[in-house]
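**Q** Would you mind keeping the following structure in view while I ask a few things?
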Amino acid sequence: MTPEQKKTAEKMTSVKAAWDKAPSGPKKEAALKHYKAAEKANTAKNVAETNKELDAATHALA
């Protein structure tokens, strides 16, 4: 695992933890959509897209 991949994996864990703690509602639903897209991009080994979606999920929870 490259350092970039490791950083992305840690970011996914962090975003998932933030999502788990978030109260139910439209922000959480929007974040889930982005998180699922990040998982799909991560499976396809598209680090840039994964990070973009994780950033969008974080923004949606804010």
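As shown in the structure tokens, the chain order sets the letters A, B, ...; within each chain, residues go from 1, and ligands are also counted from 1 in the order they appear.
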Can you pull out the residues contacting segment 24-41 of chain A? Cut-off 8 Å, using only C-alpha atoms, and skip same-chain residues under 3 positions away; I want them as a ChimeraX atom specification.
**A** /A:15-16,19,44-47,49-54,56-62
**Q** Dump C-alpha atoms for the selected residues as a tab-separated table (two decimals), in the first residue's frame?
**A**
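Listed below is the output, again25.tsv:
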chain	number	residue	atom	x	y	z
A	15	VAL	CA	-15.32	10.20	7.45
A	16	LYS	CA	-17.21	6.99	8.32
A	19	TRP	CA	-21.01	9.93	9.60
A	44	ALA	CA	-11.78	0.99	-8.65
A	45	LYS	CA	-8.46	2.24	-7.21
A	46	ASN	CA	-9.29	5.81	-8.24
A	47	VAL	CA	-7.61	7.71	-5.39
A	49	GLU	CA	-12.13	10.45	-7.08
A	50	THR	CA	-12.18	8.74	-3.67
A	51	ASN	CA	-10.70	11.82	-2.01
A	52	LYS	CA	-13.07	14.13	-3.89
A	53	GLU	CA	-16.10	12.18	-2.67
A	54	LEU	CA	-14.76	11.97	0.89
A	56	ALA	CA	-17.85	16.16	-0.36
A	57	ALA	CA	-19.13	13.83	2.38
A	58	THR	CA	-17.25	15.82	5.03
A	59	HIS	CA	-18.66	19.07	3.63
A	60	ALA	CA	-22.19	17.62	3.63
A	61	LEU	CA	-21.91	16.79	7.33
A	62	ALA	CA	-20.69	20.29	8.25
**Q** Please measure the separation of atom CA of Lys7 of chain A and atom CA of Pro23 of chain A, giving the value in Å to one decimal.
**A**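 About the pair atom CA of Lys7 of chain A and atom CA of Pro23 of chain A: they are 26.3 Å apart.
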